[in-house]
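One file, data_38.cif, carrying mmCIF, C-alpha atoms and all ligand atoms:
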data_data
#
loop_
_atom_site.label_atom_id
_atom_site.label_comp_id
_atom_site.auth_asym_id
_atom_site.auth_seq_id
_atom_site.Cartn_x
_atom_site.Cartn_y
_atom_site.Cartn_z
CA MET A 1 1.41 -30.09 -31.70
CA PRO A 2 4.28 -27.61 -31.04
CA LYS A 3 4.29 -26.20 -27.54
CA ASN A 4 3.14 -22.64 -27.08
CA PRO A 5 6.49 -20.87 -26.50
CA TRP A 6 4.79 -18.21 -24.33
CA ALA A 7 2.97 -20.61 -22.07
CA ARG A 8 5.77 -20.73 -19.53
CA ASN A 9 6.97 -17.18 -19.88
CA PRO A 10 6.68 -15.83 -16.33
CA TRP A 11 6.95 -12.20 -17.43
CA PHE A 12 3.69 -10.26 -17.55
CA GLU A 13 2.88 -7.13 -19.44
CA THR A 14 0.43 -5.34 -17.18
CA VAL A 15 -0.78 -5.47 -13.59
CA SER A 16 -4.09 -6.84 -14.74
CA VAL A 17 -2.34 -9.83 -16.34
CA ALA A 18 -0.55 -10.37 -13.01
CA GLN A 19 -3.93 -10.30 -11.25
CA ARG A 20 -5.35 -12.94 -13.60
CA ARG A 21 -2.32 -15.14 -12.96
CA ALA A 22 -2.64 -14.61 -9.21
CA GLU A 23 -6.26 -15.70 -9.39
CA LYS A 24 -5.26 -18.90 -11.19
CA ARG A 25 -2.37 -19.62 -8.87
CA LEU A 26 -3.71 -18.87 -5.39
CA PRO A 27 -6.21 -20.92 -3.39
CA SER A 28 -9.52 -19.08 -3.65
CA SER A 29 -9.54 -17.97 0.01
CA VAL A 30 -6.06 -16.41 -0.31
CA TYR A 31 -6.98 -14.67 -3.57
CA SER A 32 -10.16 -13.25 -2.12
CA ALA A 33 -8.31 -12.06 1.04
CA LEU A 34 -6.07 -9.99 -1.25
CA LEU A 35 -8.93 -8.70 -3.34
CA ALA A 36 -10.60 -7.55 -0.10
CA GLY A 37 -12.73 -4.35 -0.38
CA SER A 38 -15.75 -3.83 1.83
CA GLU A 39 -19.54 -3.90 1.57
CA ARG A 40 -20.66 -3.16 -2.01
CA GLY A 41 -17.12 -2.22 -3.10
CA GLN A 42 -18.01 1.39 -4.00
CA SER A 43 -14.72 2.85 -2.69
CA TYR A 44 -12.67 -0.06 -4.03
CA GLN A 45 -14.14 0.39 -7.51
CA ASP A 46 -14.00 4.19 -7.45
CA ASN A 47 -10.29 4.10 -6.52
CA MET A 48 -9.60 2.62 -9.95
CA ALA A 49 -12.49 4.05 -11.97
CA ALA A 50 -11.67 7.66 -11.02
CA PHE A 51 -8.34 7.39 -12.85
CA THR A 52 -10.23 6.69 -16.08
CA GLU A 53 -11.95 10.08 -15.79
CA LEU A 54 -8.59 11.81 -16.08
CA GLY A 55 -6.89 12.39 -19.40
CA PHE A 56 -3.62 13.98 -20.48
CA ALA A 57 -2.83 17.30 -22.16
CA PRO A 58 0.52 16.50 -23.83
CA HIS A 59 2.97 18.86 -25.48
CA ILE A 60 4.35 17.73 -28.80
CA VAL A 61 7.74 19.38 -28.58
CA GLY A 62 10.15 19.18 -25.68
CA PRO A 63 13.05 17.19 -24.25
CA SER A 64 12.93 13.51 -25.06
CA SER A 65 15.89 11.94 -23.28
CA ASP A 66 17.24 11.52 -19.74
CA ARG A 67 13.97 11.79 -17.92
CA VAL A 68 14.16 12.18 -14.12
CA LEU A 69 12.06 9.74 -12.11
CA ALA A 70 13.99 9.83 -8.84
CA THR A 71 12.65 11.59 -5.77
CA THR A 72 12.76 11.38 -1.98
CA VAL A 73 10.16 10.21 0.51
CA MET A 74 10.57 10.55 4.27
CA GLY A 75 14.29 11.21 3.85
CA GLN A 76 14.92 8.22 1.58
CA ASP A 77 16.20 8.57 -1.97
CA ILE A 78 14.06 6.44 -4.23
CA SER A 79 14.57 5.74 -7.92
CA MET A 80 10.94 6.39 -8.87
CA PRO A 81 7.90 7.89 -7.18
CA VAL A 82 6.43 4.51 -6.19
CA VAL A 83 6.71 2.97 -2.72
CA ILE A 84 5.46 -0.38 -1.42
CA SER A 85 2.41 0.15 0.81
CA PRO A 86 2.22 -2.02 3.92
CA THR A 87 0.02 -5.11 3.60
CA GLY A 88 -0.11 -8.34 5.55
CA VAL A 89 0.89 -10.81 2.81
CA GLN A 90 0.23 -13.93 4.82
CA ALA A 91 0.18 -17.12 2.78
CA VAL A 92 0.71 -15.52 -0.62
CA HIS A 93 4.26 -16.75 -1.11
CA PRO A 94 6.71 -18.55 1.19
CA ASP A 95 9.19 -15.66 1.08
CA GLY A 96 6.39 -13.15 1.82
CA GLU A 97 7.54 -9.66 2.74
CA VAL A 98 11.21 -10.62 2.39
CA ALA A 99 10.65 -11.24 -1.33
CA VAL A 100 8.86 -7.90 -1.59
CA ALA A 101 11.69 -6.14 0.26
CA ARG A 102 14.31 -7.68 -2.03
CA ALA A 103 12.36 -6.64 -5.10
CA ALA A 104 11.90 -3.08 -3.84
CA ALA A 105 15.61 -2.87 -3.01
CA ALA A 106 16.55 -4.24 -6.43
CA ARG A 107 14.45 -1.51 -8.03
CA GLY A 108 15.72 1.21 -5.69
CA THR A 109 12.60 1.97 -3.72
CA ALA A 110 11.29 1.92 -0.16
CA MET A 111 8.87 -0.41 1.54
CA GLY A 112 6.25 -0.13 4.24
CA LEU A 113 6.13 -3.25 6.44
CA SER A 114 2.77 -4.05 8.04
CA SER A 115 2.36 -4.84 11.74
CA PHE A 116 0.43 -7.85 10.46
CA ALA A 117 3.30 -8.99 8.23
CA SER A 118 4.37 -12.62 8.31
CA LYS A 119 8.15 -12.01 8.39
CA PRO A 120 10.25 -10.48 11.18
CA ILE A 121 11.28 -6.90 10.62
CA GLU A 122 14.96 -7.76 11.14
CA GLU A 123 14.90 -9.99 8.01
CA VAL A 124 12.99 -7.41 6.01
CA VAL A 125 15.33 -4.52 6.89
CA SER A 126 18.35 -6.60 6.01
CA ALA A 127 16.76 -7.24 2.59
CA ASN A 128 15.85 -3.57 2.17
CA PRO A 129 17.31 -0.92 4.52
CA LYS A 130 14.71 1.56 3.23
CA THR A 131 11.95 0.05 5.36
CA PHE A 132 9.23 1.99 7.16
CA PHE A 133 7.44 0.09 9.92
CA GLN A 134 3.65 0.42 9.93
CA MET A 135 1.68 0.43 13.17
CA TYR A 136 -1.96 0.42 14.05
CA TRP A 137 -3.19 1.94 17.28
CA MET A 138 -3.45 -1.35 19.15
CA GLY A 139 -2.61 -2.67 22.58
CA SER A 140 -1.32 -0.57 25.47
CA LYS A 141 1.10 2.35 25.11
CA ASP A 142 3.79 0.08 26.54
CA ASP A 143 3.07 -2.49 23.81
CA MET A 144 3.36 0.24 21.18
CA LEU A 145 6.59 1.57 22.68
CA ALA A 146 8.05 -1.94 22.64
CA ARG A 147 7.08 -2.41 18.97
CA MET A 148 8.61 0.93 18.02
CA GLU A 149 11.74 0.09 19.95
CA ARG A 150 12.07 -3.22 18.13
CA ALA A 151 11.56 -1.50 14.76
CA ARG A 152 14.12 1.16 15.61
CA ALA A 153 16.66 -1.43 16.76
CA ALA A 154 16.09 -3.40 13.56
CA GLY A 155 16.94 -0.29 11.54
CA ALA A 156 13.54 0.88 10.29
CA VAL A 157 13.99 4.37 8.82
CA GLY A 158 10.45 5.63 9.35
CA LEU A 159 7.13 4.88 10.96
CA ILE A 160 3.75 4.72 9.22
CA ALA A 161 0.76 5.12 11.54
CA THR A 162 -2.39 3.75 9.91
CA LEU A 163 -5.50 5.01 11.63
CA ASP A 164 -8.15 4.45 8.97
CA TRP A 165 -8.98 0.82 9.47
CA SER A 166 -12.06 -0.07 11.46
CA PHE A 167 -14.17 -3.17 11.42
CA SER A 168 -16.05 -3.08 8.19
CA MET A 169 -18.27 -6.07 7.93
CA GLY A 170 -19.32 -7.99 4.89
CA ARG A 171 -18.59 -7.98 1.21
CA ASP A 172 -21.16 -8.58 -1.47
CA TRP A 173 -18.69 -10.92 -3.23
CA GLY A 174 -18.04 -12.87 -0.02
CA SER A 175 -15.30 -12.87 2.59
CA PRO A 176 -12.78 -15.68 2.64
CA GLU A 177 -12.66 -18.20 5.42
CA ILE A 178 -9.25 -17.93 7.07
CA PRO A 179 -8.16 -20.56 9.62
CA GLU A 180 -6.86 -19.48 13.05
CA LYS A 181 -3.79 -21.63 12.39
CA ILE A 182 -2.77 -24.25 9.88
CA ASP A 183 -3.12 -27.61 11.64
CA LEU A 184 -4.27 -30.98 10.41
CA HIS A 185 -7.91 -30.04 10.82
CA ALA A 186 -7.47 -26.84 8.78
CA ALA A 187 -5.36 -28.69 6.20
CA MET A 188 -8.18 -31.21 5.65
CA ARG A 189 -10.80 -28.50 5.40
CA PHE A 190 -8.84 -26.39 2.93
CA ALA A 191 -7.46 -29.36 0.97
CA PRO A 192 -10.01 -29.19 -1.85
CA GLN A 193 -9.15 -25.59 -2.82
CA VAL A 194 -5.42 -25.99 -2.13
CA LEU A 195 -5.07 -29.16 -4.18
CA ARG A 196 -6.52 -27.31 -7.14
CA ARG A 197 -3.59 -24.90 -6.94
CA PRO A 198 -0.58 -27.22 -7.29
CA ARG A 199 1.97 -24.49 -8.14
CA TRP A 200 1.17 -22.56 -4.96
CA LEU A 201 1.39 -25.79 -2.96
CA TYR A 202 4.65 -26.72 -4.68
CA ASP A 203 6.23 -23.33 -3.78
CA PHE A 204 5.44 -23.86 -0.11
CA ALA A 205 6.46 -27.55 -0.21
CA LYS A 206 9.79 -26.59 -1.83
CA SER A 207 10.48 -24.05 0.91
CA LYS A 208 9.54 -26.64 3.58
CA GLN A 209 7.17 -24.11 5.16
CA ILE A 210 3.47 -24.01 5.75
CA PRO A 211 1.71 -20.62 5.58
CA ASP A 212 2.33 -19.06 8.97
CA LEU A 213 -0.67 -17.05 10.08
CA THR A 214 1.11 -15.19 12.87
CA ALA A 215 2.23 -11.59 13.32
CA PRO A 216 5.85 -11.87 14.58
CA ASN A 217 6.44 -8.10 14.73
CA LEU A 218 3.88 -7.73 17.48
CA ALA A 219 6.10 -9.75 19.86
CA GLU A 220 9.66 -9.65 21.18
CA PRO A 221 12.31 -10.56 18.57
CA GLY A 222 12.55 -14.32 18.24
CA ASP A 223 9.03 -14.97 19.62
CA ARG A 224 6.39 -16.39 17.32
CA GLY A 225 3.96 -13.55 17.90
CA PRO A 226 0.19 -13.73 18.20
CA THR A 227 -1.93 -15.43 15.59
CA PHE A 228 -3.41 -13.16 12.97
CA PHE A 229 -6.79 -13.37 14.71
CA GLY A 230 -5.26 -12.88 18.16
CA ALA A 231 -3.67 -9.66 16.88
CA TYR A 232 -6.90 -8.62 15.24
CA TYR A 233 -8.76 -9.17 18.51
CA GLU A 234 -6.23 -7.05 20.45
CA TRP A 235 -6.65 -4.28 17.94
CA MET A 236 -10.46 -4.44 18.13
CA GLN A 237 -10.30 -4.12 21.92
CA THR A 238 -8.18 -0.95 21.76
CA PRO A 239 -10.13 2.33 21.91
CA ALA A 240 -9.53 4.52 18.85
CA PRO A 241 -6.82 7.16 19.33
CA THR A 242 -7.34 10.88 19.96
CA TRP A 243 -5.22 13.60 18.32
CA ASP A 244 -3.27 13.75 21.60
CA ASP A 245 -2.48 10.07 21.11
CA VAL A 246 -1.29 10.78 17.57
CA GLN A 247 0.98 13.50 18.94
CA TRP A 248 2.27 11.11 21.57
CA LEU A 249 3.03 8.45 18.95
CA ARG A 250 4.74 10.96 16.73
CA LYS A 251 6.87 12.22 19.65
CA GLU A 252 7.91 8.72 20.67
CA TRP A 253 9.19 7.97 17.17
CA ASP A 254 11.99 10.42 16.69
CA GLY A 255 12.35 9.98 12.94
CA PRO A 256 10.29 10.39 9.77
CA PHE A 257 6.62 9.72 10.50
CA MET A 258 3.71 9.21 8.11
CA LEU A 259 0.02 9.34 8.90
CA LYS A 260 -1.73 7.00 6.46
CA GLY A 261 -5.40 7.21 5.58
CA VAL A 262 -6.04 10.96 5.51
CA CYS A 263 -9.23 11.93 3.61
CA ARG A 264 -10.01 15.43 4.90
CA ILE A 265 -8.32 18.82 4.75
CA ASP A 266 -8.91 19.49 8.46
CA ASP A 267 -7.26 16.19 9.37
CA ALA A 268 -4.34 16.99 7.05
CA HIS A 269 -3.84 20.29 8.92
CA ARG A 270 -3.87 18.41 12.22
CA ALA A 271 -1.26 16.00 10.88
CA VAL A 272 0.92 19.03 10.10
CA ASP A 273 0.29 20.39 13.61
CA ALA A 274 1.22 17.01 15.11
CA GLY A 275 4.61 17.27 13.39
CA CYS A 276 4.13 14.46 10.88
CA THR A 277 6.63 14.24 8.04
CA ALA A 278 4.17 12.84 5.52
CA ILE A 279 0.55 11.86 4.99
CA SER A 280 -0.93 9.37 2.61
CA VAL A 281 -4.27 10.35 1.13
CA SER A 282 -6.01 7.00 1.18
CA ASN A 283 -9.18 5.06 1.90
CA HIS A 284 -7.23 1.89 2.71
CA GLY A 285 -7.72 0.49 -0.75
CA GLY A 286 -11.50 0.57 -0.27
CA ASN A 287 -11.20 -1.91 2.61
CA ASN A 288 -12.54 0.38 5.30
CA LEU A 289 -15.58 2.68 5.16
CA ASP A 290 -17.37 1.94 1.91
CA GLY A 291 -18.58 5.17 0.33
CA THR A 292 -15.39 7.13 1.04
CA PRO A 293 -14.42 8.77 -2.26
CA ALA A 294 -11.56 7.51 -4.38
CA ALA A 295 -8.21 8.60 -2.99
CA ILE A 296 -7.35 10.39 -6.25
CA ARG A 297 -10.51 12.55 -5.95
CA MET A 298 -9.48 13.73 -2.47
CA LEU A 299 -5.84 14.37 -3.36
CA LYS A 300 -5.68 17.83 -4.93
CA PRO A 301 -7.74 19.70 -2.34
CA ILE A 302 -5.51 18.23 0.38
CA ALA A 303 -2.25 18.81 -1.50
CA ASP A 304 -3.28 22.42 -2.21
CA ALA A 305 -3.96 22.95 1.50
CA VAL A 306 -0.87 21.35 3.07
CA GLY A 307 1.50 20.41 0.25
CA ASN A 308 4.06 23.04 1.26
CA ASP A 309 4.10 21.90 4.89
CA ILE A 310 4.20 18.12 4.64
CA GLU A 311 4.98 15.39 2.11
CA VAL A 312 1.74 14.29 0.46
CA LEU A 313 1.48 10.75 -0.91
CA LEU A 314 -1.49 8.86 -2.30
CA ASP A 315 -2.42 5.22 -2.23
CA GLY A 316 -5.42 3.48 -3.77
CA GLY A 317 -6.13 2.26 -7.28
CA ILE A 318 -2.66 2.58 -8.84
CA ARG A 319 -2.39 -0.05 -11.55
CA ARG A 320 -0.22 1.59 -14.25
CA GLY A 321 2.51 4.17 -14.69
CA SER A 322 0.09 6.69 -16.13
CA ASP A 323 -1.92 6.47 -12.87
CA VAL A 324 1.26 7.43 -10.99
CA VAL A 325 1.73 10.42 -13.31
CA LYS A 326 -1.89 11.53 -12.77
CA ALA A 327 -1.41 11.45 -9.01
CA LEU A 328 1.77 13.48 -9.29
CA CYS A 329 -0.01 16.03 -11.49
CA LEU A 330 -2.56 16.46 -8.68
CA GLY A 331 0.05 17.12 -6.03
CA ALA A 332 1.38 13.77 -4.77
CA ARG A 333 5.10 13.54 -4.20
CA ALA A 334 4.89 9.77 -4.72
CA VAL A 335 2.34 6.98 -4.57
CA MET A 336 2.15 3.76 -2.60
CA ILE A 337 0.95 0.53 -4.17
CA GLY A 338 -0.88 -2.35 -2.51
CA ARG A 339 -2.67 -4.94 -4.64
CA ALA A 340 -0.46 -4.29 -7.67
CA TYR A 341 2.59 -5.81 -5.98
CA LEU A 342 0.53 -8.48 -4.20
CA TRP A 343 -0.60 -9.75 -7.62
CA GLY A 344 3.02 -9.72 -8.78
CA LEU A 345 4.16 -11.60 -5.67
CA ALA A 346 1.46 -14.21 -6.13
CA ALA A 347 2.20 -14.60 -9.82
CA ASN A 348 5.97 -14.93 -9.64
CA GLY A 349 7.48 -14.20 -6.21
CA GLN A 350 10.25 -11.61 -5.99
CA ALA A 351 10.61 -11.49 -9.79
CA GLY A 352 6.88 -10.79 -10.05
CA VAL A 353 7.16 -7.79 -7.71
CA GLU A 354 10.14 -6.54 -9.74
CA ASN A 355 8.04 -7.05 -12.87
CA VAL A 356 5.28 -4.83 -11.40
CA LEU A 357 7.77 -2.13 -10.41
CA ASP A 358 9.24 -2.28 -13.92
CA ILE A 359 5.78 -1.90 -15.45
CA LEU A 360 5.16 1.18 -13.33
CA ARG A 361 8.60 2.66 -13.99
CA GLY A 362 8.22 2.04 -17.74
CA GLY A 363 4.74 3.55 -17.66
CA VAL A 364 5.85 6.70 -15.84
CA ASP A 365 8.76 7.08 -18.20
CA SER A 366 6.76 6.57 -21.39
CA THR A 367 4.04 8.96 -20.17
CA LEU A 368 6.67 11.65 -19.55
CA LEU A 369 8.13 11.00 -22.98
CA ALA A 370 4.73 11.26 -24.62
CA MET A 371 4.08 14.52 -22.79
CA ARG A 372 7.55 15.81 -23.70
CA LEU A 373 8.40 16.46 -20.07
CA PRO A 374 11.88 15.90 -18.62
CA SER A 375 11.02 15.12 -15.02
CA VAL A 376 8.36 13.92 -12.62
CA HIS A 377 9.01 17.18 -10.77
CA ASP A 378 7.54 19.16 -13.68
CA LEU A 379 4.06 17.65 -13.47
CA THR A 380 1.19 20.03 -12.71
CA PRO A 381 -2.63 19.92 -12.93
CA ASP A 382 -2.28 21.75 -16.23
CA HIS A 383 -1.06 18.49 -17.77
CA LEU A 384 -4.40 16.79 -17.10
CA VAL A 385 -7.85 16.92 -18.61
CA MET A 386 -10.36 16.73 -15.77
CA PRO A 387 -14.14 16.83 -15.55
CA ASP A 388 -15.44 19.80 -13.54
CA ASN A 389 -16.79 17.75 -10.69
CA PHE A 390 -13.80 15.46 -10.29
CA HIS A 391 -12.45 16.54 -6.89
CA ARG A 392 -14.01 15.79 -3.52
CA ILE A 393 -13.29 18.52 -0.98
CA LEU A 394 -13.71 17.02 2.47
CA GLY A 395 -13.29 18.91 5.73
CA LEU A 396 -12.66 22.37 4.34
CA PRO A 397 -12.60 24.69 7.36
CA SER A 398 -15.44 27.17 7.06
CA GLN A 399 -14.60 30.86 6.94
CA ALA A 400 -15.86 31.21 10.53
CA ASP A 401 -13.42 28.46 11.65
CA VAL A 402 -10.40 30.12 10.07
CA GLY A 403 -11.43 33.54 11.39
CA THR A 404 -11.74 35.30 8.04
CA THR A 405 -14.56 37.57 6.99
CA PRO A 406 -15.83 37.78 3.45
C1 LIG B 1 -4.78 -7.53 1.42
C2 LIG B 1 -4.48 -6.16 1.95
C3 LIG B 1 -3.91 -6.04 3.20
C4 LIG B 1 -3.62 -4.76 3.70
N1 LIG B 1 -3.01 -4.65 4.92
C5 LIG B 1 -2.65 -3.42 5.37
C6 LIG B 1 -1.93 -3.27 6.58
O1 LIG B 1 -1.62 -4.26 7.25
N2 LIG B 1 -1.58 -2.02 6.96
C7 LIG B 1 -1.91 -0.90 6.23
O2 LIG B 1 -1.56 0.22 6.61
N3 LIG B 1 -2.59 -1.02 5.07
C8 LIG B 1 -2.95 -2.24 4.63
N4 LIG B 1 -3.60 -2.36 3.43
C9 LIG B 1 -3.88 -1.14 2.64
C10 LIG B 1 -2.72 -0.84 1.71
O3 LIG B 1 -1.57 -0.43 2.42
C11 LIG B 1 -3.08 0.27 0.74
O4 LIG B 1 -3.62 1.35 1.44
C12 LIG B 1 -4.08 -0.18 -0.34
O5 LIG B 1 -3.85 -1.51 -0.72
C13 LIG B 1 -3.96 0.74 -1.54
O6 LIG B 1 -4.86 0.40 -2.53
P1 LIG B 1 -4.48 -0.51 -3.81
O7 LIG B 1 -4.47 -1.92 -3.31
O8 LIG B 1 -5.55 -0.22 -4.75
O9 LIG B 1 -3.09 -0.08 -4.27
C14 LIG B 1 -3.92 -3.61 2.93
C15 LIG B 1 -4.50 -3.77 1.66
C16 LIG B 1 -4.78 -5.02 1.17
C17 LIG B 1 -5.39 -5.15 -0.20
#

The structure given in the file should be rewritten as structure tokens.
Amino acid sequence: MPKNPWARNPWFETVSVAQRRAEKRLPSSVYSALLAGSERGQSYQDNMAAFTELGFAPHIVGPSSDRVLATTVMGQDISMPVVISPTGVQAVHPDGEVAVARAAAARGTAMGLSSFASKPIEEVVSANPKTFFQMYWMGSKDDMLARMERARAAGAVGLIATLDWSFSMGRDWGSPEIPEKIDLHAAMRFAPQVLRRPRWLYDFAKSKQIPDLTAPNLAEPGDRGPTFFGAYYEWMQTPAPTWDDVQWLRKEWDGPFMLKGVCRIDDAHRAVDAGCTAISVSNHGGNNLDGTPAAIRMLKPIADAVGNDIEVLLDGGIRRGSDVVKALCLGARAVMIGRAYLWGLAANGQAGVENVLDILRGGVDSTLLAMRLPSVHDLTPDHLVMPDNFHRILGLPSQADVGTTP
């Protein structure tokens, strides 16, 4: 029988094809760690489902060539309004965040590097100078200063402070078992699922590495860093920050600064007051407090309130170029993607991440073409069809609070 000529074609057409390939390629515990979500998955599902409630209101006549996709985020010129959101990509691919950084650089965009990343920031910045370092509020102030200092010395061009992750417990579809470290005991225990994923195993064997479950950017350069669980424990022991702490963090990082995870208008105003450069409207990809509305539902009320004072981004649920366009119509300057590039990385390493970025770029471009619009900067709510009850307005200051009388 002739061989199926497509069987080995590594290129994929959509993010959902990449996800299916990732599921086939990754050991089940790694796949389910990426899928994540919390509790019943209401926020995770709504992040994606809410985009399907939005439609387009296209023109039929207008410019049809030379569409502008380029923009800037936190002082960086990027070729399209899509940025890599920080995720710990432990064990997905031997080149981990370095592969993601190379792909983002090849496609002209910026990258957020997680505190929980598996690769040192120095290697990531040399692969992509447009790197923002992401920090949680964890450890002592001296620890945080040392981490910022290391990021600055490595050449990070911005800081992302993520404050919206707590300790959500339990998923109805099960949480993966993740070993503290990969030793012989863990290797034996995980052998059955790993041996069923020979291509994943082969990639690691070829690179002569075993998945390294440490967080090197939480230590001095050159040190191994705490284990993933050690870092997690440190973070759980750290009391949550106050707004004074946010101001302190912002002041200590004298460069572009993003607050990630904003859901409410009052918090967005406080981010402006704290001197942040940008916010990302986000519910952490549905991995935090289940029941928080989809990021896209919270976007417009926040962008309307603070969009002239701060850069507003969105992350959560972006799977296609038309999703990016919808977010821009509702006031985002750009979006950040999480799982979309993780599926690409799992499916085909650096080329897979480039493939995902190409899908999104192509999708933004073809949506603009179909709407007869010349630029991402021309998108407005008027280009969307929206149900009346689409938006979720959280934390609107009451008239008494803002001192106005009816
Ligand atoms: C597996 C995984 C790990 C993540 N790790 C981090 C992290 O270390 N820091 C952070 O700020 N956000 C983290 N996030 C959240 C993402 O940055 C982003 O907010 C989310 O993935 C966006 O939703 P999407 O996956 O639907 O694009 C993580 C998300 C996933 C799925």

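Between A:Thr162 and the candidates A:Gly261, A:Pro221, A:Gly331, A:Gly41, the tightest atom-to-atom separation, counting only C-alpha atoms, involves A:Gly261.
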
### Query
Which residue out of A:Ala70, A:Val98, A:Leu379, A:Ala294 has the minimum interatomic distance to A:Gly317 when all atoms listed in the file are used?
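The closest residue to A:Gly317 is A:Ala294.
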
### Task
Return the single residue from A:Ser29, A:Asn389, A:Ser38, A:Ser115 that is closest to A:Arg297, with distances computed using only C-alpha atoms.
A:Asn389

### Message
Could you check the closest approach to A:Arg319 for each of A:Glu123, A:Glu13, A:Asp203, A:Asp378 and tell me which residue wins, using all atoms listed in the file?
### Response
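Using all atoms listed in the file, A:Arg319 sits closest to A:Glu13.
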
### Message
For a quick check of understanding, using only C-alpha atoms and all ligand atoms, which of A:Phe12, A:Tyr31, A:Phe190, A:Trp200 has the smallest distance to ligand LIG 1 (chain B)?
### Response
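The answer is A:Tyr31, which sits nearest to ligand LIG 1 (chain B).
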